[in-house]
Each structure stands twice: as structure tokens, then as C-alpha cells.
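Text of run-v6.txt (compact mmCIF, C-alpha atoms) as supplied:
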```txt
# COMPACT_ATOMS: atom_id res chain seq x y z
CA MET A 23 0.95 8.71 5.57
CA ALA A 24 2.19 6.71 2.61
CA THR A 25 4.11 8.54 -0.13
CA PRO A 26 5.31 7.55 -3.65
CA ILE A 27 7.96 4.88 -4.20
CA GLY A 28 9.46 6.23 -7.41
CA ASN A 29 6.70 7.87 -9.43
CA LEU A 30 5.46 11.15 -7.92
CA GLU A 31 1.99 10.42 -9.38
CA ASP A 32 1.67 7.53 -6.90
CA ILE A 33 0.06 9.64 -4.18
CA THR A 34 -3.58 9.60 -3.15
CA LEU A 35 -6.07 12.47 -3.28
CA ARG A 36 -6.45 12.25 0.51
CA ALA A 37 -2.70 12.34 1.15
CA LEU A 38 -2.35 15.48 -0.98
CA ARG A 39 -5.27 17.16 0.79
CA ILE A 40 -3.94 16.35 4.26
CA LEU A 41 -0.35 17.33 3.45
CA GLY A 42 -1.73 20.77 2.66
CA GLU A 43 -3.74 20.95 5.90
CA VAL A 44 -1.35 19.79 8.65
CA ASP A 45 0.68 22.10 10.90
CA GLN A 46 3.90 20.21 10.27
CA ILE A 47 5.27 17.27 8.29
CA ALA A 48 7.77 14.94 10.00
CA CYS A 49 9.93 13.28 7.35
CA GLU A 50 13.11 11.24 7.01
CA ASP A 51 14.91 13.57 4.60
CA THR A 52 13.45 17.03 4.15
CA ARG A 53 14.99 17.33 0.64
CA GLN A 54 13.22 14.17 -0.50
CA THR A 55 9.85 15.23 0.87
CA ARG A 56 10.29 18.75 -0.49
CA LYS A 57 10.47 17.28 -4.04
CA LEU A 58 7.07 15.68 -3.53
CA LEU A 59 5.52 18.83 -2.07
CA ASP A 60 6.98 21.06 -4.79
CA ARG A 61 5.64 18.77 -7.50
CA HIS A 62 2.14 19.15 -6.08
CA GLY A 63 2.36 22.84 -5.09
CA ILE A 64 2.20 22.24 -1.32
CA ALA A 65 4.16 24.37 1.19
CA ARG A 66 4.09 23.25 4.85
CA PRO A 67 6.81 23.28 7.54
CA LEU A 68 9.06 20.20 7.49
CA VAL A 69 10.95 18.65 10.42
CA SER A 70 13.38 15.75 10.16
CA TYR A 71 12.55 12.51 11.96
CA HIS A 72 14.83 9.60 11.11
CA GLU A 73 16.61 6.70 12.73
CA HIS A 74 19.44 8.90 14.06
CA ASN A 75 17.25 11.45 15.90
CA GLU A 76 14.20 9.23 16.40
CA GLN A 77 14.14 9.11 20.20
CA ALA A 78 14.78 12.80 20.91
CA ARG A 79 12.62 14.10 18.08
CA ALA A 80 9.75 11.82 19.06
CA GLN A 81 9.50 13.61 22.41
CA GLU A 82 9.31 17.01 20.69
CA LEU A 83 6.66 15.77 18.26
CA LEU A 84 4.61 14.25 21.08
CA SER A 85 4.67 17.60 22.94
CA GLU A 86 3.37 19.38 19.87
CA LEU A 87 0.70 16.75 19.27
CA ALA A 88 -0.36 17.00 22.93
CA ALA A 89 -0.67 20.77 22.41
CA GLY A 90 -3.19 20.13 19.65
CA LYS A 91 -1.05 20.34 16.53
CA ASN A 92 -1.65 18.04 13.59
CA ILE A 93 1.48 16.36 12.28
CA ALA A 94 1.83 14.16 9.19
CA LEU A 95 4.48 11.44 9.44
CA VAL A 96 6.02 10.39 6.14
CA SER A 97 9.07 8.38 5.16
CA ASP A 98 11.21 8.97 2.07
CA ALA A 99 9.08 6.49 0.15
CA GLY A 100 6.22 4.11 0.81
CA THR A 101 4.36 3.41 4.04
CA PRO A 102 5.99 4.76 7.21
CA LEU A 103 6.89 2.24 9.93
CA ILE A 104 7.18 -0.51 7.28
CA ALA A 105 10.97 -0.84 7.14
CA ASP A 106 11.16 2.79 8.32
CA PRO A 107 11.19 4.74 11.61
CA GLY A 108 7.93 5.61 13.34
CA TYR A 109 6.95 2.65 15.45
CA ARG A 110 8.03 4.22 18.74
CA LEU A 111 6.31 7.52 17.94
CA VAL A 112 3.05 5.81 17.02
CA ALA A 113 3.17 3.52 20.06
CA GLN A 114 3.82 6.45 22.41
CA ALA A 115 1.17 8.65 20.79
CA ARG A 116 -1.41 5.90 21.23
CA ALA A 117 -0.33 5.37 24.85
CA GLN A 118 -0.96 9.09 25.46
CA GLY A 119 -4.40 8.97 23.87
CA ILE A 120 -3.38 10.96 20.78
CA ALA A 121 -5.39 9.99 17.69
CA VAL A 122 -3.34 8.21 15.01
CA CYS A 123 -4.94 8.08 11.55
CA PRO A 124 -3.19 6.03 8.85
CA ILE A 125 -3.39 7.40 5.29
CA PRO A 126 -2.95 4.37 3.00
CA GLY A 127 -0.84 4.35 -0.12
CA ALA A 128 2.14 2.81 -1.83
CA SER A 129 4.30 0.12 -0.24
CA ALA A 130 7.28 -1.30 -2.09
CA VAL A 131 6.93 -4.85 -0.81
CA LEU A 132 3.27 -5.32 -1.81
CA THR A 133 3.72 -3.54 -5.13
CA ALA A 134 6.59 -5.84 -6.05
CA LEU A 135 4.79 -8.91 -4.79
CA SER A 136 1.59 -8.13 -6.72
CA ALA A 137 3.41 -8.00 -10.07
CA SER A 138 5.95 -10.74 -9.43
CA GLY A 139 3.95 -13.79 -10.43
CA LEU A 140 4.85 -15.31 -7.04
CA ALA A 141 2.12 -16.88 -4.92
CA THR A 142 0.55 -14.23 -2.72
CA ASP A 143 -1.51 -16.11 -0.16
CA ALA A 144 1.22 -16.04 2.46
CA PHE A 145 4.35 -13.99 2.84
CA VAL A 146 6.79 -12.89 5.48
CA GLN A 147 8.43 -9.50 5.68
CA ARG A 148 11.50 -9.28 7.87
CA VAL A 149 13.51 -6.10 8.10
CA ALA A 150 17.18 -6.51 8.88
CA ASP A 151 18.42 -4.36 11.72
CA PRO A 152 21.00 -2.07 10.05
CA ARG A 153 23.20 -2.29 13.15
CA GLY A 154 23.30 -6.07 12.93
CA LYS A 155 21.55 -6.52 16.26
CA ARG A 156 18.29 -8.28 16.85
CA ASP A 157 15.72 -6.03 18.44
CA SER A 158 13.67 -7.38 21.31
CA HIS A 159 10.38 -6.70 19.52
CA ASP A 160 11.62 -8.80 16.62
CA GLN A 161 10.35 -11.73 18.69
CA GLN A 162 6.81 -11.03 17.54
CA GLU A 163 7.23 -12.91 14.32
CA ARG A 164 8.19 -16.21 15.87
CA MET B 18 -3.87 -1.62 -9.50
CA ALA B 19 -4.60 -0.80 -5.87
CA THR B 20 -7.95 0.82 -5.05
CA PRO B 21 -9.42 2.43 -1.88
CA ILE B 22 -10.12 0.41 1.29
CA GLY B 23 -13.02 2.46 2.63
CA ASN B 24 -12.44 6.09 1.71
CA LEU B 25 -12.87 6.83 -2.01
CA GLU B 26 -10.24 9.60 -1.69
CA ASP B 27 -7.62 6.89 -1.08
CA ILE B 28 -6.73 6.51 -4.76
CA THR B 29 -3.60 7.77 -6.45
CA LEU B 30 -3.32 10.27 -9.30
CA ARG B 31 -1.72 7.58 -11.48
CA ALA B 32 -4.46 5.03 -10.76
CA LEU B 33 -7.16 7.54 -11.76
CA ARG B 34 -5.30 8.44 -14.95
CA ILE B 35 -4.79 4.81 -15.98
CA LEU B 36 -8.35 3.75 -15.12
CA GLY B 37 -9.47 6.34 -17.66
CA GLU B 38 -7.01 5.11 -20.31
CA VAL B 39 -7.35 1.30 -20.33
CA ASP B 40 -9.49 -0.69 -22.74
CA GLN B 41 -11.11 -2.71 -19.96
CA ILE B 42 -11.14 -3.04 -16.17
CA ALA B 43 -11.22 -6.54 -14.66
CA CYS B 44 -12.77 -6.35 -11.18
CA GLU B 45 -14.17 -8.60 -8.47
CA ASP B 46 -17.59 -6.98 -8.24
CA THR B 47 -18.56 -4.59 -11.03
CA ARG B 48 -21.00 -2.74 -8.72
CA GLN B 49 -18.22 -2.00 -6.23
CA THR B 50 -15.80 -0.77 -8.88
CA ARG B 51 -18.54 1.27 -10.57
CA LYS B 52 -18.96 3.28 -7.34
CA LEU B 53 -15.29 4.24 -7.49
CA LEU B 54 -15.41 5.14 -11.19
CA ASP B 55 -18.62 7.14 -10.80
CA ARG B 56 -17.15 9.10 -7.91
CA HIS B 57 -14.23 10.13 -10.11
CA GLY B 58 -16.14 10.58 -13.37
CA ILE B 59 -14.53 7.64 -15.19
CA ALA B 60 -16.45 5.42 -17.66
CA ARG B 61 -14.64 2.33 -18.99
CA PRO B 62 -15.91 -1.22 -19.76
CA LEU B 63 -15.93 -3.52 -16.73
CA VAL B 64 -15.61 -7.31 -16.70
CA SER B 65 -15.93 -9.52 -13.62
CA TYR B 66 -12.91 -11.54 -12.51
CA HIS B 67 -13.30 -13.21 -9.12
CA GLU B 68 -12.53 -16.45 -7.34
CA HIS B 69 -15.52 -18.25 -8.89
CA ASN B 70 -14.71 -17.50 -12.55
CA GLU B 71 -10.97 -16.95 -12.14
CA GLN B 72 -9.69 -19.80 -14.30
CA ALA B 73 -12.02 -19.37 -17.29
CA ARG B 74 -11.96 -15.58 -17.26
CA ALA B 75 -8.17 -15.52 -17.01
CA GLN B 76 -7.95 -17.26 -20.41
CA GLU B 77 -10.24 -14.65 -21.98
CA LEU B 78 -8.28 -11.78 -20.47
CA LEU B 79 -4.98 -13.28 -21.61
CA SER B 80 -6.31 -13.53 -25.19
CA GLU B 81 -7.27 -9.87 -25.13
CA LEU B 82 -3.92 -8.87 -23.64
CA ALA B 83 -2.12 -10.93 -26.30
CA ALA B 84 -4.14 -9.02 -28.93
CA GLY B 85 -2.70 -5.77 -27.59
CA LYS B 86 -5.43 -4.56 -25.26
CA ASN B 87 -4.61 -2.83 -21.99
CA ILE B 88 -6.48 -4.21 -19.00
CA ALA B 89 -6.47 -2.88 -15.44
CA LEU B 90 -6.91 -5.52 -12.72
CA VAL B 91 -8.52 -4.27 -9.52
CA SER B 92 -10.04 -5.96 -6.49
CA ASP B 93 -12.98 -4.64 -4.46
CA ALA B 94 -10.53 -2.89 -2.14
CA GLY B 95 -6.80 -2.63 -1.64
CA THR B 96 -3.99 -4.24 -3.58
CA PRO B 97 -5.02 -7.06 -5.95
CA LEU B 98 -3.44 -10.48 -5.37
CA ILE B 99 -2.95 -9.63 -1.68
CA ALA B 100 -5.72 -11.77 -0.16
CA ASP B 101 -7.53 -11.47 -3.52
CA PRO B 102 -7.62 -13.27 -6.90
CA GLY B 103 -5.09 -12.42 -9.58
CA TYR B 104 -2.01 -14.49 -8.89
CA ARG B 105 -2.71 -17.01 -11.67
CA LEU B 106 -3.48 -14.27 -14.20
CA VAL B 107 -0.30 -12.37 -13.39
CA ALA B 108 1.83 -15.52 -13.43
CA GLN B 109 0.42 -16.60 -16.80
CA ALA B 110 0.72 -13.12 -18.31
CA ARG B 111 4.39 -12.98 -17.30
CA ALA B 112 4.96 -16.47 -18.70
CA GLN B 113 3.56 -15.27 -22.04
CA GLY B 114 5.78 -12.19 -22.08
CA ILE B 115 2.91 -9.75 -21.45
CA ALA B 116 4.04 -6.65 -19.53
CA VAL B 117 2.63 -6.43 -15.99
CA CYS B 118 2.86 -2.99 -14.35
CA PRO B 119 1.84 -2.69 -10.69
CA ILE B 120 0.11 0.56 -9.70
CA PRO B 121 0.79 0.97 -5.97
CA GLY B 122 -1.79 2.10 -3.45
CA ALA B 123 -3.76 1.17 -0.37
CA SER B 124 -3.41 -2.18 1.38
CA ALA B 125 -5.47 -2.97 4.46
CA VAL B 126 -2.82 -5.00 6.24
CA LEU B 127 -0.06 -2.37 6.06
CA THR B 128 -2.44 0.50 6.81
CA ALA B 129 -3.64 -1.24 9.95
CA LEU B 130 -0.13 -2.26 10.97
CA SER B 131 1.29 1.26 10.53
CA ALA B 132 -1.22 2.79 12.94
CA SER B 133 -1.44 -0.08 15.41
CA GLY B 134 1.48 0.71 17.67
CA LEU B 135 2.70 -2.87 17.08
CA ALA B 136 6.33 -3.48 16.17
CA THR B 137 6.74 -3.31 12.41
CA ASP B 138 10.16 -4.74 11.69
CA ALA B 139 8.85 -8.21 10.96
CA PHE B 140 5.41 -9.53 10.16
CA VAL B 141 3.72 -12.47 8.55
CA GLN B 142 0.62 -12.34 6.40
CA ARG B 143 -1.20 -15.60 5.90
CA VAL B 144 -4.45 -15.78 3.99
CA ALA B 145 -6.84 -18.55 4.96
CA ASP B 146 -8.20 -20.58 2.09
CA PRO B 147 -11.95 -19.86 2.17
CA ARG B 148 -12.71 -23.45 1.23
CA GLY B 149 -10.75 -24.75 4.20
CA LYS B 150 -8.17 -26.47 2.02
CA ARG B 151 -4.49 -25.77 1.98
CA ASP B 152 -3.27 -24.73 -1.42
CA SER B 153 -0.06 -26.19 -2.75
CA HIS B 154 1.56 -22.78 -3.22
CA ASP B 155 0.93 -22.09 0.45
CA GLN B 156 4.14 -24.06 1.02
CA GLN B 157 6.20 -21.02 0.12
CA GLU B 158 5.99 -19.52 3.53
CA ARG B 159 7.44 -22.50 5.41
```
Please render this file's structure as C-alpha cells.
Amino acid sequence: MATPIGNLEDITLRALRILGEVDQIACEDTRQTRKLLDRHGIARPLVSYHEHNEQARAQELLSELAAGKNIALVSDAGTPLIADPGYRLVAQARAQGIAVCPIPGASAVLTALSASGLATDAFVQRVADPRGKRDSHDQQER
Amino acid sequence: MATPIGNLEDITLRALRILGEVDQIACEDTRQTRKLLDRHGIARPLVSYHEHNEQARAQELLSELAAGKNIALVSDAGTPLIADPGYRLVAQARAQGIAVCPIPGASAVLTALSASGLATDAFVQRVADPRGKRDSHDQQER
């Protein structure tokens, strides 16, 4: 689920509805997500899911999903998985037959591009690995 | 301003507020945009701006912007300029010192990518020219 990238009004009607309906919200930084929920009067359980606990926490989240719980995945800002954790969780959920429903919304790269005056018919997004290593799935772009 | 890509709930609080405040809404297909406005009880003047009238209409819109009017630019679905007209209007507005404010929201490519289970640390978007010609600004990607 995409969340705002600076202005807390940049959230969709559907995102607000679903945030209020899910059993749990997996987020990068619970303090950041709590600001968004407080602004819109939503109170749901939060659990941290970020690059440092991604592998272990993904297994816990998959168990809860397999047990029938509904979990919203958000990042601190923008569209999860786009320069944020989540890819492994989504890939594993799909492999286990768990339904994955994207809730569209803000993304920093497209928002900037659309107002930049730069040509928009072709672009490349490449996310640097913060550890300075190239990941094997980085091959996809070439 | 980004608009929904299939579900009319996929619109942000800020987009709805601004659609109700602008002097005019420039859109690809007025019938398509009217559905969105009707659903949310918004009535503002619409003007068509699409790939077939893009150059002439851009000059009219720039004149109105220069005269102090506020115009929202939307496409039929998703983020304008991303696989949609608008790049020339935005580039010319910026060149004339007219403020351009992007309102973030849904984009089909990132929504699909985020739920696909595909690796998301690098991707390329390339938009085919519908007339089968390569545009000169397509060079940017290479």
C-alpha cells in the first residue's frame, strides 16, 4: 500500500479504508506510520518490517497471512518495494498462493519526474544497494 | 495530478480538494474525467488535452496560466506524463516561470511492479511511440 511522501493529504480513499480494516500493518518505522494513522484517526496494530529484520519478520508475517490474517505492508513513504523492503515478502506470499493486492498511491520518482520538465517516454530507476554490493536480481535490468 | 487506474477510490484527499478548487481541468477524455468528478461530487470546467491537440491546446493553456488561472492536468488514468501527454506543457510552463506542482497518486507501472513478485531494485520503463517513430527525446535513456 502506497503512503504519502511528505504531505499527509497524499493518501487515497481506498488506502485509508483498508488501513482501518486490516488485522495488522507492517511498516518500516512504527513512529512514522503512527503519524499518518493518528492524522486520519486510525488505530490498528503495527509491526516493524525493515531491511534489518526483513528475513526473520517475513516468516512471521507469512505464518499470520497463511492463518487468514489480513496485513497491510507500507513503507515510510511512497510505494513499498520501490526502493524499499518488501520484494521477498511479496515473492514468497505469491509462491504460497496468498493473495497480494496492491493499493496504488504516491511514488517519489514518478511525482518528481512528472513535474520536472524532463522527457518522460523512457526512464530507468536503479536503486543503489546500501551495502555497496550488487544483488543477483539486479541483473534483471540489463 | 494522478487519478485512479481502475478503482475510483484510488484518489488522494489532496487531489479531490484541488480538483474542486481549480479554474479548469485539462484532461485526455472529458467523459472519462467526468465519471471521476461525478463520483466525488465535483463540478469544474473541463477542457480536452490529448495527443492529437497537444501542441495547439498547450498554447491556450499556457496563456490562461500566464493570466493567473489555476489548471489541473490529468490523464485518463494514473500519473500524467508517464506514458501520457503533458511533457511539452510542463516543460514550457517551467520555461515561462509558471509554478508546476505535482499531486502524487496512482501509477499503473509501479502498482503492477509492487505486487508482481519481481525484483524491484532496478527497472526500465520505455513507452512505445504509437506512430512507430522514435522521438528525439527518447535518446535520454541510452
- [ ] Could the residues of chain A within 6 Å of chain B, counting all atoms listed in the file, be given as a PyMOL selection string, please?
- [x] chain A and resi 31-36+103-104+112-113+124+126-128+133+136-137+139+142-149+163
- [ ] Could you give me, as number ranges by chain, the residues that have an atom at most 7 Å away from the point (13.0, 6.0, 6.9) in the coordinates of the file, using only C-alpha atoms?
- [x] A: 50, 72-73, 97-98, 106-107
TODO: Please indicate the distance in Å from atom CA of Asn87 of chain B to atom CA of Glu38 of chain B, rounded to one decimal place.
DONE: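 Spanning atom CA of Asn87 of chain B to atom CA of Glu38 of chain B is a straight-line distance of 8.5 Å.
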Would you compute the box with edges along x, y and z of the file around segment 111-123 of chain B, including every atom the file lists for it and 5 Å extra on each side, and give its centre and edge lengths in Å to one decimal, as JSON?
```
{"center_x": 1.0, "center_y": -7.2, "center_z": -11.2, "size_x": 19.5, "size_y": 28.6, "size_z": 31.7}
```
Take chain A, lay it over chain B with a least-squares fit on all the Cα atoms in order, then hand it over as a compact mmCIF listing (two decimals) with C-alpha atoms, in the coordinates of the input.
```txt
# COMPACT_ATOMS: atom_id res chain seq x y z
CA MET A 23 -3.86 -1.61 -9.50
CA ALA A 24 -4.61 -0.80 -5.88
CA THR A 25 -7.96 0.84 -5.05
CA PRO A 26 -9.41 2.45 -1.88
CA ILE A 27 -10.14 0.44 1.26
CA GLY A 28 -13.03 2.49 2.59
CA ASN A 29 -12.44 6.13 1.69
CA LEU A 30 -12.85 6.86 -2.03
CA GLU A 31 -10.22 9.62 -1.70
CA ASP A 32 -7.60 6.91 -1.08
CA ILE A 33 -6.70 6.52 -4.76
CA THR A 34 -3.55 7.77 -6.45
CA LEU A 35 -3.27 10.28 -9.30
CA ARG A 36 -1.69 7.57 -11.47
CA ALA A 37 -4.44 5.03 -10.75
CA LEU A 38 -7.11 7.55 -11.75
CA ARG A 39 -5.25 8.45 -14.95
CA ILE A 40 -4.76 4.82 -15.96
CA LEU A 41 -8.32 3.77 -15.11
CA GLY A 42 -9.42 6.36 -17.66
CA GLU A 43 -6.98 5.12 -20.31
CA VAL A 44 -7.32 1.31 -20.31
CA ASP A 45 -9.48 -0.69 -22.74
CA GLN A 46 -11.11 -2.68 -19.96
CA ILE A 47 -11.13 -3.01 -16.17
CA ALA A 48 -11.23 -6.52 -14.65
CA CYS A 49 -12.79 -6.33 -11.19
CA GLU A 50 -14.20 -8.57 -8.48
CA ASP A 51 -17.63 -6.94 -8.26
CA THR A 52 -18.58 -4.55 -11.04
CA ARG A 53 -21.01 -2.67 -8.74
CA GLN A 54 -18.23 -1.96 -6.25
CA THR A 55 -15.81 -0.73 -8.88
CA ARG A 56 -18.53 1.30 -10.59
CA LYS A 57 -18.94 3.34 -7.35
CA LEU A 58 -15.27 4.28 -7.50
CA LEU A 59 -15.38 5.17 -11.19
CA ASP A 60 -18.59 7.19 -10.82
CA ARG A 61 -17.11 9.16 -7.93
CA HIS A 62 -14.19 10.18 -10.13
CA GLY A 63 -16.11 10.63 -13.41
CA ILE A 64 -14.50 7.68 -15.21
CA ALA A 65 -16.42 5.46 -17.68
CA ARG A 66 -14.62 2.36 -19.00
CA PRO A 67 -15.90 -1.16 -19.76
CA LEU A 68 -15.93 -3.48 -16.73
CA VAL A 69 -15.62 -7.28 -16.70
CA SER A 70 -15.96 -9.47 -13.62
CA TYR A 71 -12.96 -11.52 -12.51
CA HIS A 72 -13.35 -13.19 -9.12
CA GLU A 73 -12.61 -16.43 -7.35
CA HIS A 74 -15.61 -18.22 -8.91
CA ASN A 75 -14.78 -17.47 -12.57
CA GLU A 76 -11.03 -16.93 -12.14
CA GLN A 77 -9.75 -19.79 -14.29
CA ALA A 78 -12.08 -19.37 -17.28
CA ARG A 79 -12.01 -15.58 -17.26
CA ALA A 80 -8.23 -15.53 -17.01
CA GLN A 81 -8.00 -17.26 -20.39
CA GLU A 82 -10.28 -14.65 -21.99
CA LEU A 83 -8.30 -11.79 -20.46
CA LEU A 84 -5.00 -13.31 -21.60
CA SER A 85 -6.34 -13.54 -25.18
CA GLU A 86 -7.28 -9.88 -25.12
CA LEU A 87 -3.94 -8.88 -23.62
CA ALA A 88 -2.14 -10.94 -26.28
CA ALA A 89 -4.16 -9.04 -28.90
CA GLY A 90 -2.71 -5.79 -27.58
CA LYS A 91 -5.44 -4.57 -25.25
CA ASN A 92 -4.60 -2.85 -21.99
CA ILE A 93 -6.47 -4.21 -19.00
CA ALA A 94 -6.47 -2.88 -15.43
CA LEU A 95 -6.92 -5.51 -12.72
CA VAL A 96 -8.53 -4.27 -9.52
CA SER A 97 -10.06 -5.95 -6.50
CA ASP A 98 -12.99 -4.62 -4.47
CA ALA A 99 -10.56 -2.87 -2.15
CA GLY A 100 -6.82 -2.62 -1.63
CA THR A 101 -4.01 -4.26 -3.57
CA PRO A 102 -5.04 -7.06 -5.94
CA LEU A 103 -3.49 -10.50 -5.37
CA ILE A 104 -2.99 -9.66 -1.66
CA ALA A 105 -5.77 -11.78 -0.17
CA ASP A 106 -7.58 -11.48 -3.52
CA PRO A 107 -7.68 -13.27 -6.90
CA GLY A 108 -5.12 -12.44 -9.57
CA TYR A 109 -2.07 -14.53 -8.89
CA ARG A 110 -2.76 -17.04 -11.66
CA LEU A 111 -3.52 -14.30 -14.20
CA VAL A 112 -0.34 -12.40 -13.38
CA ALA A 113 1.78 -15.57 -13.41
CA GLN A 114 0.37 -16.65 -16.78
CA ALA A 115 0.69 -13.17 -18.30
CA ARG A 116 4.34 -13.04 -17.29
CA ALA A 117 4.92 -16.55 -18.68
CA GLN A 118 3.52 -15.33 -22.02
CA GLY A 119 5.75 -12.26 -22.06
CA ILE A 120 2.90 -9.80 -21.43
CA ALA A 121 4.04 -6.71 -19.51
CA VAL A 122 2.63 -6.48 -15.97
CA CYS A 123 2.87 -3.04 -14.34
CA PRO A 124 1.83 -2.72 -10.69
CA ILE A 125 0.13 0.55 -9.69
CA PRO A 126 0.77 0.94 -5.94
CA GLY A 127 -1.80 2.10 -3.45
CA ALA A 128 -3.77 1.17 -0.37
CA SER A 129 -3.44 -2.19 1.38
CA ALA A 130 -5.52 -2.97 4.45
CA VAL A 131 -2.87 -5.00 6.25
CA LEU A 132 -0.10 -2.38 6.06
CA THR A 133 -2.46 0.50 6.81
CA ALA A 134 -3.67 -1.23 9.96
CA LEU A 135 -0.18 -2.27 10.96
CA SER A 136 1.26 1.24 10.52
CA ALA A 137 -1.25 2.78 12.95
CA SER A 138 -1.48 -0.09 15.41
CA GLY A 139 1.45 0.69 17.67
CA LEU A 140 2.65 -2.90 17.10
CA ALA A 141 6.28 -3.52 16.19
CA THR A 142 6.69 -3.35 12.43
CA ASP A 143 10.12 -4.79 11.70
CA ALA A 144 8.78 -8.26 10.96
CA PHE A 145 5.34 -9.55 10.17
CA VAL A 146 3.66 -12.50 8.55
CA GLN A 147 0.56 -12.36 6.40
CA ARG A 148 -1.25 -15.63 5.90
CA VAL A 149 -4.50 -15.79 4.00
CA ALA A 150 -6.86 -18.57 4.98
CA ASP A 151 -8.14 -20.62 2.09
CA PRO A 152 -11.92 -19.99 2.15
CA ARG A 153 -12.54 -23.62 1.17
CA GLY A 154 -10.58 -24.86 4.17
CA LYS A 155 -7.95 -26.54 2.01
CA ARG A 156 -4.28 -25.79 1.98
CA ASP A 157 -3.06 -24.75 -1.43
CA SER A 158 0.15 -26.24 -2.73
CA HIS A 159 1.76 -22.82 -3.21
CA ASP A 160 1.08 -22.09 0.45
CA GLN A 161 4.33 -23.98 1.04
CA GLN A 162 6.32 -20.89 0.10
CA GLU A 163 6.05 -19.38 3.52
CA ARG A 164 7.63 -22.26 5.38
```
- [ ] Calculate how many Å separate atom CA of Ala88 of chain A from atom CA of Ile64 of chain A, rounding to one decimal.
- [x]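 Here the two named atoms are 24.9 Å from each other.
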Open item on the list: What's around Ala43 of chain B at 12 Å? Count all atoms listed in the file, leave out sequence neighbours fewer than 4 positions away in its own chain, and write the answer as a VMD selection string.
Closed with: chain B and resid 18 36 39 47 49 to 51 61 to 67 70 to 71 74 to 75 77 to 79 81 to 82 87 to 93 97 102 to 103 106
Expected file: the selected residues, C-alpha atoms, as a short mmCIF file (atom, residue, chain, number, x, y, z; two decimals), keeping the file's coordinate frame:
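The new file result28.cif reads:
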```
data_model
loop_
_atom_site.label_atom_id
_atom_site.label_comp_id
_atom_site.auth_asym_id
_atom_site.auth_seq_id
_atom_site.Cartn_x
_atom_site.Cartn_y
_atom_site.Cartn_z
CA MET B 18 -3.87 -1.62 -9.50
CA LEU B 36 -8.35 3.75 -15.12
CA VAL B 39 -7.35 1.30 -20.33
CA THR B 47 -18.56 -4.59 -11.03
CA GLN B 49 -18.22 -2.00 -6.23
CA THR B 50 -15.80 -0.77 -8.88
CA ARG B 51 -18.54 1.27 -10.57
CA ARG B 61 -14.64 2.33 -18.99
CA PRO B 62 -15.91 -1.22 -19.76
CA LEU B 63 -15.93 -3.52 -16.73
CA VAL B 64 -15.61 -7.31 -16.70
CA SER B 65 -15.93 -9.52 -13.62
CA TYR B 66 -12.91 -11.54 -12.51
CA HIS B 67 -13.30 -13.21 -9.12
CA ASN B 70 -14.71 -17.50 -12.55
CA GLU B 71 -10.97 -16.95 -12.14
CA ARG B 74 -11.96 -15.58 -17.26
CA ALA B 75 -8.17 -15.52 -17.01
CA GLU B 77 -10.24 -14.65 -21.98
CA LEU B 78 -8.28 -11.78 -20.47
CA LEU B 79 -4.98 -13.28 -21.61
CA GLU B 81 -7.27 -9.87 -25.13
CA LEU B 82 -3.92 -8.87 -23.64
CA ASN B 87 -4.61 -2.83 -21.99
CA ILE B 88 -6.48 -4.21 -19.00
CA ALA B 89 -6.47 -2.88 -15.44
CA LEU B 90 -6.91 -5.52 -12.72
CA VAL B 91 -8.52 -4.27 -9.52
CA SER B 92 -10.04 -5.96 -6.49
CA ASP B 93 -12.98 -4.64 -4.46
CA PRO B 97 -5.02 -7.06 -5.95
CA PRO B 102 -7.62 -13.27 -6.90
CA GLY B 103 -5.09 -12.42 -9.58
CA LEU B 106 -3.48 -14.27 -14.20
#
```
- [ ] Work out how far atom CA of Leu53 of chain B is from atom CA of Ser80 of chain B, in Å to one decimal.
- [x]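 If I compute the distance from atom CA of Ser80 of chain B to atom CA of Leu53 of chain B, I get 26.6 Å.
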Open item on the list: I'd like to know which of B:Asp55, B:Gly23, B:Cys44, B:Ile115 is closest to Lys86 of chain B, using only C-alpha atoms.
Closed with: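 Residue with the minimum atom-to-atom distance to Lys86 of chain B: B:Ile115.
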